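Enquirer: One structure is given below, represented as structure tokens, and several questions about it will come after.
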Amino acid sequence: MTGTIKKIQRKNRRREVGLMPGTLNIDKNALKPKIDVFSYNKDGVTAAREQKITGIIEKVKKQKGLTHWIQVSGIGDAQLLETLGNELCINPLVLEDIVNTYQRPKFDEYDDYVFMVSRVIYFTEEGELMNEQFSAIIKDNLLITFQETHVNCFDAVEARLEAGKGLIRTAGPAYMAYALTDTILDIYFIVLAQIGDSLDELEDRLYKCPDKSVMVDAQQLKRSLITVRRAAWPERDKINDILRSDSVQITKDVKMYLRDAYDHCVQIMDLIENDKEITSSIIDLYLSMVSNRMNEIMKVLTIISAIFIPLTFVAGIYGMNFAKVDPVTNKVMPDNMPELYAYHGYYWVMAAMFVIAVIQIIIFWRKGWFSKL
Amino acid sequence: MTGTIKKIQRKNRRREVGLMPGTLNIDKNALKPKIDVFSYNKDGVTAAREQKITGIIEKVKKQKGLTHWIQVSGIGDAQLLETLGNELCINPLVLEDIVNTYQRPKFDEYDDYVFMVSRVIYFTEEGELMNEQFSAIIKDNLLITFQETHVNCFDAVEARLEAGKGLIRTAGPAYMAYALTDTILDIYFIVLAQIGDSLDELEDRLYKCPDKSVMVDAQQLKRSLITVRRAAWPERDKINDILRSDSVQITKDVKMYLRDAYDHCVQIMDLIENDKEITSSIIDLYLSMVSNRMNEIMKVLTIISAIFIPLTFVAGIYGMNFAKVDPVTNKVMPDNMPELYAYHGYYWVMAAMFVIAVIQIIIFWRKGWFSKL
Amino acid sequence: MTGTIKKIQRKNRRREVGLMPGTLNIDKNALKPKIDVFSYNKDGVTAAREQKITGIIEKVKKQKGLTHWIQVSGIGDAQLLETLGNELCINPLVLEDIVNTYQRPKFDEYDDYVFMVSRVIYFTEEGELMNEQFSAIIKDNLLITFQETHVNCFDAVEARLEAGKGLIRTAGPAYMAYALTDTILDIYFIVLAQIGDSLDELEDRLYKCPDKSVMVDAQQLKRSLITVRRAAWPERDKINDILRSDSVQITKDVKMYLRDAYDHCVQIMDLIENDKEITSSIIDLYLSMVSNRMNEIMKVLTIISAIFIPLTFVAGIYGMNFAKVDPVTNKVMPDNMPELYAYHGYYWVMAAMFVIAVIQIIIFWRKGWFSKL
Amino acid sequence: MTGTIKKIQRKNRRREVGLMPGTLNIDKNALKPKIDVFSYNKDGVTAAREQKITGIIEKVKKQKGLTHWIQVSGIGDAQLLETLGNELCINPLVLEDIVNTYQRPKFDEYDDYVFMVSRVIYFTEEGELMNEQFSAIIKDNLLITFQETHVNCFDAVEARLEAGKGLIRTAGPAYMAYALTDTILDIYFIVLAQIGDSLDELEDRLYKCPDKSVMVDAQQLKRSLITVRRAAWPERDKINDILRSDSVQITKDVKMYLRDAYDHCVQIMDLIENDKEITSSIIDLYLSMVSNRMNEIMKVLTIISAIFIPLTFVAGIYGMNFAKVDPVTNKVMPDNMPELYAYHGYYWVMAAMFVIAVIQIIIFWRKGWFSKL
Amino acid sequence: MTGTIKKIQRKNRRREVGLMPGTLNIDKNALKPKIDVFSYNKDGVTAAREQKITGIIEKVKKQKGLTHWIQVSGIGDAQLLETLGNELCINPLVLEDIVNTYQRPKFDEYDDYVFMVSRVIYFTEEGELMNEQFSAIIKDNLLITFQETHVNCFDAVEARLEAGKGLIRTAGPAYMAYALTDTILDIYFIVLAQIGDSLDELEDRLYKCPDKSVMVDAQQLKRSLITVRRAAWPERDKINDILRSDSVQITKDVKMYLRDAYDHCVQIMDLIENDKEITSSIIDLYLSMVSNRMNEIMKVLTIISAIFIPLTFVAGIYGMNFAKVDPVTNKVMPDNMPELYAYHGYYWVMAAMFVIAVIQIIIFWRKGWFSKL
């Protein structure tokens, strides 16, 4: 993305009225799911792409010594979710939240599993700001994640899983969920760096060629920032909720790392507020420049009009045809416009005009109109 | 509703001074009530439209194994409310709140019943934003609801009741109250989708033909959003109050579903804030465009005036009638306006004018006045 | 009151420095008190107007089975207050608060009595917004109220006392205090209805004839709303304080009714916020209209100037007196202004001017300057 | 002080970096201290002006039955403070706070003494807003107060001490500290009354002769109000801290009076907010008036230009010199400008001009340009 | 730094996505560390500059009776940090926070050490506002501090350490950390004094020569203030966190001094808010001045145009060539423009023009256009 942000993805906000809570009302544009299963312990990792969900859960439940991460990309399959819900005893309200992709980040505790939602914000190559939902269920040794599209944001985490460095293979599914959340927060930093670049570029344009696109782009940036803030703010609350949770899924180790993620979240809020202030400052400067431009235009108009309108009037006077001799009666008018017949009258008048112009210029100069306001 | 919001219903805010609390002071425009009684248990539903309230309560009290939902549409009958109040021992303050239709959403607990108020916000087909009151009393196995008009918003709930899917027939009157509240929240989403459409359409108009109706419509949308927010904000508090209530009417099952409704409420607040930001952004852009338009007009005026006023002055000079020969004395003036009698004087002057105009155009072009600001 | 609010009463805010706390520093404009004593129990009411306070308290203390309401209208008599203070053992700070009529609504508990302050806001017939203080002391079976003027706002309560309906004769002095407070809140609703009417009328004027009085009146309305809010906001806190009080004066019954009054207070806050938003919206629309009006004026000026200034220049050119024959030498200038002597030259020039004007009109029409901005 | 506020005193905000905490870094402009010692019990008062602090403390400590108030005016003597600190075992940080005169109002408890800071805000006769620091230490039967200048704000308290009315001689040093604090709050009321007068006067000017000094003065008033608020806000917190303190110095009696002072503080905040709203309203009205004035000027310009520019063009046409007879060839041009030679051509043209002008005036009149916007 | 603030340092906000938490990802511009070790007890100080970290910790651990302050300036050496981390058992997340130099001020407690971050804000001599990170670890008798650059802000603290006055040599590493934090706060005061000077200078320029740089500089100052506030706000929270901490590192003595630092922090916030208000006030005044300037320009234009355009029209009328005698037919036109041939016609017309001009001047004078708006 270079230059300005072009578009902000709009979430479909329509809902059917009075549907039974827990109804899986899948958007017709939702993508068919791809299923990746990662099974690992401190000795190694096996990764597999599965076609169907049936059987996976049962197989996974048997492998007690392993941690399993089932990554579902695309949520356009009610069947899959229902199967999952039945085999793992997930509340239908949770399943409904997974398919209704306009949830705020949140953390819900249930009897033997926890459910969390994050929002993934990123720019496409065309400069559109995407706002996707990422949900995760943690139950026993199992982490199931759902994302809306097939875009893979978690390459780096998979690589760390392969490499097996740090706690990633040994600290259970909650640590994996933390690793994914932290990666999502890293993406926020990238989005904010891109918005920061756009702000820099906008500020350059403000000083170099402030045309009206500055205002339009500043408003667009402001809305992007609001979109990011709307996602980041409840994300912070969510992490705080996890930190205060007593759930056995969330171990003390994971909490220490989450406190780090919480700090990142606060830094994100800070950057957003900072960028919002800069955007406001750009808008204020732009409006002040428009106002100054108007002033400058008015000054040019006023100076030229004020100088030449009186002079034109003087010229107009000596363009009047008051006659010295009546062409009919041949009678001489004693004094009509004697200046016209005066010796060097023309030069005297020209000199008078010059003096008037010079006086006006001096007046305007002393008013400071020739300097910039 | 297409295009813009036309009107926002105004609640009559007049009250008589010093009335005894609990006085049923019914608005003279209030509709006569229609009474629908739904009696159901897990085996089936019976629905009946009753003419009078007398006897219903007594009949209902006897049918212990059933849950009853008495739906009162229209509140223009003090007699009915007093009968209800006496037979069920309802506090007169509650009855007063039912008929004074400008209550904020709230939840009040009494010894053996609970009372709640919601606001139903919707657009009529003429584009008027209606803001009606919905009240509910839950006592034992009985739910009594009151709404201001005969408009039926709850078709879908009645259909679910008929179909008997989910918990609706088995989870008691509080679940039914939840189902109705959730339906009201669904209607909020529809209203916000309509307002969102109006915002989209307004934004299109802003870029295509920004006339002054943009400002008027943006202000109208802003007020609609404020009206919705004023209803949604205490609704959230109300649901929170119910969640923290110890009342036996509110079972643990219902609370789980209410937590879902609470999330919906928060999403509604989110959408409202988002739309308010977009409205502000549209207003700011519009004002900036008006300002730019003014600038552009001023530039045209200034360029034309600045070029032609000096030229007209030059033409005025050579329109002066300084005489070379005095018609009376026939004396020749030595040098009066020799240019007029110079060889090719006219062409020299025309060329000078052309040069002046070209210089000015170059100056203005270098000031960037020929590009758009 | 029709049309606009004319004036907002200003409270005298001067204080003497370093006075002993509890000094009764009575404003010299304060009215002489009128004293009405209502003594009642469930069997009946006796009302009497007394000239002097001396003896009343003693008499009242003896009548144990009765509740007494002593209504003091006008506070311009330090003697009376001191007598009261001595006979009832009231803290001098309380007496000072009664005479310093710029207190915020508040509720203070003392050992064996409670003290509360409300503000009565109303419009006089001349459209002045009055802001008076109402204070009340509850001690044993005695309620003493103080108001600044002789205006009687409590007719309706006295009528209810006469009629004896409801709890008014049986629920003690705290219920009477509640009834008076609720009446004061009812008057707030009336004031807000009047302000609402003024807003409607102002909005009509905004669309019909937006002159600069719209701005002045909108600012006046805004200040009225702020005055009302400044009184209503601590009133809400005060009622909340009473609700949480453990004082024996405030019985459980009275608290139930006060909860209702609390709801009214919140509704008043809601109406005030709503009206403030409408006022802001009117001001924004007015400013936008002024800006549009300016634009329209500039467009008229620019169109006329841009069309006629170049044409006048052309006319000026052919008004120049370049001579074809030198009057002195009689020498013929070969080519000076041949257009003047061309066949149908005049018509060609007129046609050229017409074409220039038409081209400019087309340009301006395509810029959309003939439509309204 | 009449008219406008002229200046706001600026506190020197420079500090040396890395100084040892507790260093007494006295400003070189600080005044030399004057020491007044008041010793009193319920039987009488003795007042004395001392030259040196040495010995006073020791003398005072011996007189157990008396309360002592040592008033130090002027803080330009490090020696004095160090002596005090040593003899009374005061923490150096407290002494540092006394000499660094930009402290916020605060209340600090130490083991056997308490320390409090207030700010004294007043206008000098030249209209400068002074912002001085007042600090007090209460230890046993001793109150030591420090103020920056020799201006005596506490005449009234000294008079009450002389007169011996109320609790002032009997309630100990904390009551004296309360009396001084309450006097400082009384001075806030006076400052706000003066600002209120300036606002009234400014509002008059706004309607009578709104020149640009209105804006400058409104901004100056706004800053004065902010200065006062900055002092009053923490003062309220300070009093609240004292009320919640368990210190033996602060007796129950004093707390009752402090609650009264707290109310005064809240009233001060109220007045400040009120005055800020009025200031904003004046600024908004002024800006709207400037905008209207511009509109009016533009209308005059447009009306005159729009009427006379086309007429001048018409006059210009008939000032063109298209020849009817070629002076060289004596050939007659058939139709060049026949109007000039038409019968009564001049009058027809004048009539046409008149009609054009009348039509334009009617158009502008119907646009409402002759009424005020 | 004289005059205006030129630039605000921008922190690099890019992060790599999905890195393992605790990875030491050192910025390539980071400076190589310099290591100064101060070892002291109440008897004396030894200071040494070390080349390598290896061995220092071990040596230091052995010297039990001494307090050690290891000052690391420059953080461009991952090796050093890893060594430190290993020898002192510091959590990798802490090390990561030390190298990622965009942390907010914070205080984290670990089992046997505490970690704190501050931000050092200062102006370079070129007027750039620097925003550097200062981190500190306290463990047992050891304080390790990290700063980004080799700029030494702590000369004064080192001097106090040399001099050995106060508690600095005896109160342990936490007191040293306090002394450094307080020094950082002193630098905030200096930055705010510099910003205050810039504001004074800007205000002077506002009244003397208000050109458009005023707006640009005011916006720059506003952003500087926001930058400072963004650092100072969490600093206050940090100090509060330390005050409420139970860590054994933070002794009661240190807490008393930290309460003093907390007061300084609140004063800093106060100064920032004050300066922000002044900046806003300057911006408002500037915009109002631009508007007034425009008004003044428009008035000059309107007065000159309104006076001379009608006069020029009159002159234009008498410049028309309506003929008295037809040159072809020699027929006399009876009445064409008799004024031209009237006795003293020229003087009458000049007098009429003069009267028109005077009337207009009187009208404008009575509108008050010759006074300043």
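Please note that chains go A, B, ... in the order of the structure tokens, that every chain numbers its residues from 1, and that ligands are numbered from 1 in the order shown.
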A:Ile356: which residues within 9 Å, counting only C-alpha atoms, same-chain residues fewer than 6 positions away excluded, as a ChimeraX atom specification?

Expert: /A:307,310-311

Enquirer: Now that the selection is made, can you save its residues with N, CA and C atoms as a CSV table (one decimal), in the first residue's frame?

Expert:
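Printed below is part_23.csv as written:
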```csv
chain,number,residue,atom,x,y,z
A,307,ILE,N,-6.9,50.1,-6.6
A,307,ILE,CA,-6.0,51.0,-7.3
A,307,ILE,C,-6.7,51.5,-8.6
A,310,PRO,N,-10.6,53.7,-9.0
A,310,PRO,CA,-10.6,55.2,-9.0
A,310,PRO,C,-9.9,55.8,-10.2
A,311,LEU,N,-8.8,55.2,-10.7
A,311,LEU,CA,-8.1,55.7,-11.8
A,311,LEU,C,-9.0,55.7,-13.1
```

Enquirer: May I ask you to extract the residues of chain B within 6 Å of chain C, using only C-alpha atoms, and to give them as a PyMOL selection string?

Expert: chain B and resi 17-18+211+294+301+304+308+312+315+318-319+340-341+346

Enquirer: I'd like the interatomic distance between atom CA of B:Ser135 and atom CA of B:Ile70, to a tenth of an Å.

Expert: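 According to the coordinates, atom CA of B:Ser135 and atom CA of B:Ile70 are separated by 11.9 Å.
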
Enquirer: DSSP says strand (DSSP E) for which residues of stretch 114-187 of chain D? Put them as a VMD selection string?

Expert: chain D and resid 114 to 123 128 to 139 142 to 147

Enquirer: Selection from above, N, CA and C atoms, as a PDB file, in the first residue's frame, can you write it?

Expert:
```pdb
ATOM      1  N   VAL D 114       0.397  17.943  60.743  1.00  0.00           N
ATOM      2  CA  VAL D 114      -0.190  17.891  59.394  1.00  0.00           C
ATOM      3  C   VAL D 114       0.246  19.129  58.640  1.00  0.00           C
ATOM      4  N   PHE D 115       0.263  19.020  57.307  1.00  0.00           N
ATOM      5  CA  PHE D 115       0.710  20.114  56.453  1.00  0.00           C
ATOM      6  C   PHE D 115      -0.338  20.311  55.376  1.00  0.00           C
ATOM      7  N   MET D 116      -0.689  21.555  55.114  1.00  0.00           N
ATOM      8  CA  MET D 116      -1.653  21.782  54.032  1.00  0.00           C
ATOM      9  C   MET D 116      -1.262  23.006  53.228  1.00  0.00           C
ATOM     10  N   VAL D 117      -1.627  22.971  51.942  1.00  0.00           N
ATOM     11  CA  VAL D 117      -1.347  24.070  51.018  1.00  0.00           C
ATOM     12  C   VAL D 117      -2.662  24.526  50.406  1.00  0.00           C
ATOM     13  N   SER D 118      -2.867  25.822  50.328  1.00  0.00           N
ATOM     14  CA  SER D 118      -3.974  26.400  49.559  1.00  0.00           C
ATOM     15  C   SER D 118      -3.408  27.415  48.591  1.00  0.00           C
ATOM     16  N   ARG D 119      -4.220  27.802  47.638  1.00  0.00           N
ATOM     17  CA  ARG D 119      -3.806  28.898  46.766  1.00  0.00           C
ATOM     18  C   ARG D 119      -4.755  30.075  46.977  1.00  0.00           C
ATOM     19  N   VAL D 120      -4.162  31.259  47.154  1.00  0.00           N
ATOM     20  CA  VAL D 120      -4.957  32.478  47.309  1.00  0.00           C
ATOM     21  C   VAL D 120      -4.989  33.190  45.962  1.00  0.00           C
ATOM     22  N   ILE D 121      -6.187  33.326  45.413  1.00  0.00           N
ATOM     23  CA  ILE D 121      -6.340  33.968  44.099  1.00  0.00           C
ATOM     24  C   ILE D 121      -7.043  35.300  44.310  1.00  0.00           C
ATOM     25  N   TYR D 122      -6.441  36.388  43.845  1.00  0.00           N
ATOM     26  CA  TYR D 122      -7.141  37.675  43.955  1.00  0.00           C
ATOM     27  C   TYR D 122      -6.658  38.616  42.867  1.00  0.00           C
ATOM     28  N   PHE D 123      -7.459  39.651  42.635  1.00  0.00           N
ATOM     29  CA  PHE D 123      -7.060  40.671  41.675  1.00  0.00           C
ATOM     30  C   PHE D 123      -6.379  41.814  42.406  1.00  0.00           C
ATOM     31  N   GLU D 128      -4.422  42.721  37.820  1.00  0.00           N
ATOM     32  CA  GLU D 128      -3.636  41.515  37.596  1.00  0.00           C
ATOM     33  C   GLU D 128      -4.148  40.405  38.506  1.00  0.00           C
ATOM     34  N   LEU D 129      -4.311  39.201  37.950  1.00  0.00           N
ATOM     35  CA  LEU D 129      -4.798  38.076  38.743  1.00  0.00           C
ATOM     36  C   LEU D 129      -3.610  37.431  39.449  1.00  0.00           C
ATOM     37  N   MET D 130      -3.545  37.572  40.771  1.00  0.00           N
ATOM     38  CA  MET D 130      -2.453  36.987  41.542  1.00  0.00           C
ATOM     39  C   MET D 130      -2.826  35.570  41.963  1.00  0.00           C
ATOM     40  N   ASN D 131      -1.810  34.735  42.078  1.00  0.00           N
ATOM     41  CA  ASN D 131      -2.036  33.333  42.415  1.00  0.00           C
ATOM     42  C   ASN D 131      -0.955  32.950  43.426  1.00  0.00           C
ATOM     43  N   GLU D 132      -1.241  33.195  44.709  1.00  0.00           N
ATOM     44  CA  GLU D 132      -0.220  32.998  45.729  1.00  0.00           C
ATOM     45  C   GLU D 132      -0.430  31.713  46.513  1.00  0.00           C
ATOM     46  N   GLN D 133       0.653  31.291  47.143  1.00  0.00           N
ATOM     47  CA  GLN D 133       0.583  30.056  47.910  1.00  0.00           C
ATOM     48  C   GLN D 133       0.432  30.365  49.394  1.00  0.00           C
ATOM     49  N   PHE D 134      -0.467  29.608  50.045  1.00  0.00           N
ATOM     50  CA  PHE D 134      -0.658  29.715  51.479  1.00  0.00           C
ATOM     51  C   PHE D 134      -0.442  28.318  52.068  1.00  0.00           C
ATOM     52  N   SER D 135       0.550  28.166  52.964  1.00  0.00           N
ATOM     53  CA  SER D 135       0.798  26.849  53.552  1.00  0.00           C
ATOM     54  C   SER D 135       0.607  26.933  55.053  1.00  0.00           C
ATOM     55  N   ALA D 136       0.231  25.819  55.645  1.00  0.00           N
ATOM     56  CA  ALA D 136       0.001  25.802  57.081  1.00  0.00           C
ATOM     57  C   ALA D 136       0.484  24.489  57.670  1.00  0.00           C
ATOM     58  N   ILE D 137       1.121  24.588  58.848  1.00  0.00           N
ATOM     59  CA  ILE D 137       1.523  23.404  59.601  1.00  0.00           C
ATOM     60  C   ILE D 137       0.767  23.437  60.924  1.00  0.00           C
ATOM     61  N   ILE D 138       0.139  22.321  61.282  1.00  0.00           N
ATOM     62  CA  ILE D 138      -0.521  22.233  62.585  1.00  0.00           C
ATOM     63  C   ILE D 138       0.214  21.184  63.404  1.00  0.00           C
ATOM     64  N   LYS D 139       0.698  21.580  64.560  1.00  0.00           N
ATOM     65  CA  LYS D 139       1.390  20.629  65.438  1.00  0.00           C
ATOM     66  C   LYS D 139       1.002  20.974  66.868  1.00  0.00           C
ATOM     67  N   LEU D 142      -0.153  24.468  68.111  1.00  0.00           N
ATOM     68  CA  LEU D 142       0.533  25.482  67.312  1.00  0.00           C
ATOM     69  C   LEU D 142       0.076  25.418  65.849  1.00  0.00           C
ATOM     70  N   LEU D 143      -0.224  26.605  65.274  1.00  0.00           N
ATOM     71  CA  LEU D 143      -0.501  26.719  63.839  1.00  0.00           C
ATOM     72  C   LEU D 143       0.497  27.700  63.265  1.00  0.00           C
ATOM     73  N   ILE D 144       1.265  27.236  62.279  1.00  0.00           N
ATOM     74  CA  ILE D 144       2.186  28.153  61.602  1.00  0.00           C
ATOM     75  C   ILE D 144       1.726  28.291  60.170  1.00  0.00           C
ATOM     76  N   THR D 145       1.504  29.529  59.717  1.00  0.00           N
ATOM     77  CA  THR D 145       1.065  29.747  58.337  1.00  0.00           C
ATOM     78  C   THR D 145       2.118  30.548  57.600  1.00  0.00           C
ATOM     79  N   PHE D 146       2.227  30.285  56.300  1.00  0.00           N
ATOM     80  CA  PHE D 146       3.197  30.958  55.441  1.00  0.00           C
ATOM     81  C   PHE D 146       2.462  31.521  54.230  1.00  0.00           C
ATOM     82  N   GLN D 147       2.689  32.809  53.952  1.00  0.00           N
ATOM     83  CA  GLN D 147       2.153  33.331  52.695  1.00  0.00           C
ATOM     84  C   GLN D 147       3.248  34.086  51.988  1.00  0.00           C
TER      85      GLN D 147
END
```

Enquirer: To one decimal place in Å, what is the distance between atom CA of C:Val151 and atom CA of C:Leu199?

Expert: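 Separating atom CA of C:Val151 from atom CA of C:Leu199 is a distance of 26.8 Å.
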
Enquirer: Run DSSP on the backbone and tell me which residues of stretch 276-364 of chain A come out as alpha helix (DSSP H); list them as a ChimeraX atom specification.

Expert: /A:276-317,345-364

Enquirer: Just give me the gap between atom CA of C:Arg244 and atom CA of C:Lys106 in Å, one decimal is fine.

Expert: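 Those two atoms sit 13.3 Å apart.
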
Enquirer: Would you pick out the contacts of E:Trp233 at 10 Å or less, using only C-alpha atoms, so that residues sharing its chain but fewer than 4 positions from it are not included, and give the list as a list of chain:residue names?

Expert: E:Arg104, E:Pro105, E:Val228, E:Arg229, E:Asp237, E:Lys238, E:Cys265, E:Val266, E:Ile268, E:Met269

Enquirer: Tell me, as an mmCIF file with N, CA, C and O atoms, in the first residue's frame, which residues lie within 9 Å of A:Glu50, counting only C-alpha atoms; anything in the same chain fewer than 2 positions away does not count.

Expert:
```cif
data_model
loop_
_atom_site.group_PDB
_atom_site.id
_atom_site.type_symbol
_atom_site.label_atom_id
_atom_site.label_comp_id
_atom_site.auth_asym_id
_atom_site.auth_seq_id
_atom_site.Cartn_x
_atom_site.Cartn_y
_atom_site.Cartn_z
ATOM 1 N N LYS A 34 -11.216 -24.714 5.114
ATOM 2 C CA LYS A 34 -10.057 -25.602 4.986
ATOM 3 C C LYS A 34 -9.618 -25.961 6.397
ATOM 4 O O LYS A 34 -9.601 -25.094 7.277
ATOM 5 N N ILE A 35 -9.275 -27.230 6.610
ATOM 6 C CA ILE A 35 -8.965 -27.682 7.973
ATOM 7 C C ILE A 35 -7.521 -28.142 8.040
ATOM 8 O O ILE A 35 -7.118 -29.035 7.282
ATOM 9 N N ASP A 36 -6.732 -27.485 8.925
ATOM 10 C CA ASP A 36 -5.359 -27.930 9.165
ATOM 11 C C ASP A 36 -5.254 -28.398 10.609
ATOM 12 O O ASP A 36 -5.660 -27.676 11.526
ATOM 13 N N VAL A 37 -4.688 -29.604 10.799
ATOM 14 C CA VAL A 37 -4.549 -30.128 12.155
ATOM 15 C C VAL A 37 -3.062 -30.251 12.490
ATOM 16 O O VAL A 37 -2.309 -30.886 11.743
ATOM 17 N N ALA A 48 -1.359 -31.897 9.222
ATOM 18 C CA ALA A 48 -2.139 -32.574 8.187
ATOM 19 C C ALA A 48 -3.280 -31.694 7.747
ATOM 20 O O ALA A 48 -3.877 -30.976 8.554
ATOM 21 N N LYS A 52 -12.550 -33.485 5.933
ATOM 22 C CA LYS A 52 -13.795 -33.468 6.702
ATOM 23 C C LYS A 52 -13.481 -33.423 8.181
ATOM 24 O O LYS A 52 -12.465 -33.927 8.637
ATOM 25 N N ILE A 53 -14.421 -32.877 8.951
ATOM 26 C CA ILE A 53 -14.211 -32.762 10.388
ATOM 27 C C ILE A 53 -14.535 -34.084 11.089
ATOM 28 O O ILE A 53 -13.961 -34.394 12.148
ATOM 29 N N ILE A 56 -12.118 -36.473 13.194
ATOM 30 C CA ILE A 56 -10.915 -35.801 13.690
ATOM 31 C C ILE A 56 -10.964 -35.688 15.205
ATOM 32 O O ILE A 56 -10.009 -36.045 15.909
#
```

Enquirer: As a list in words, please: the residues near B:Ile75 (cut-off 9 Å, only C-alpha atoms, same-chain neighbours under 4 positions excluded).

Expert: Ile26, Ala30, Leu31, Lys32, Pro33, Lys34, Leu80, Leu81, Ile98, Val99, Phe146, Gln147, Glu148 and Thr149 of chain B
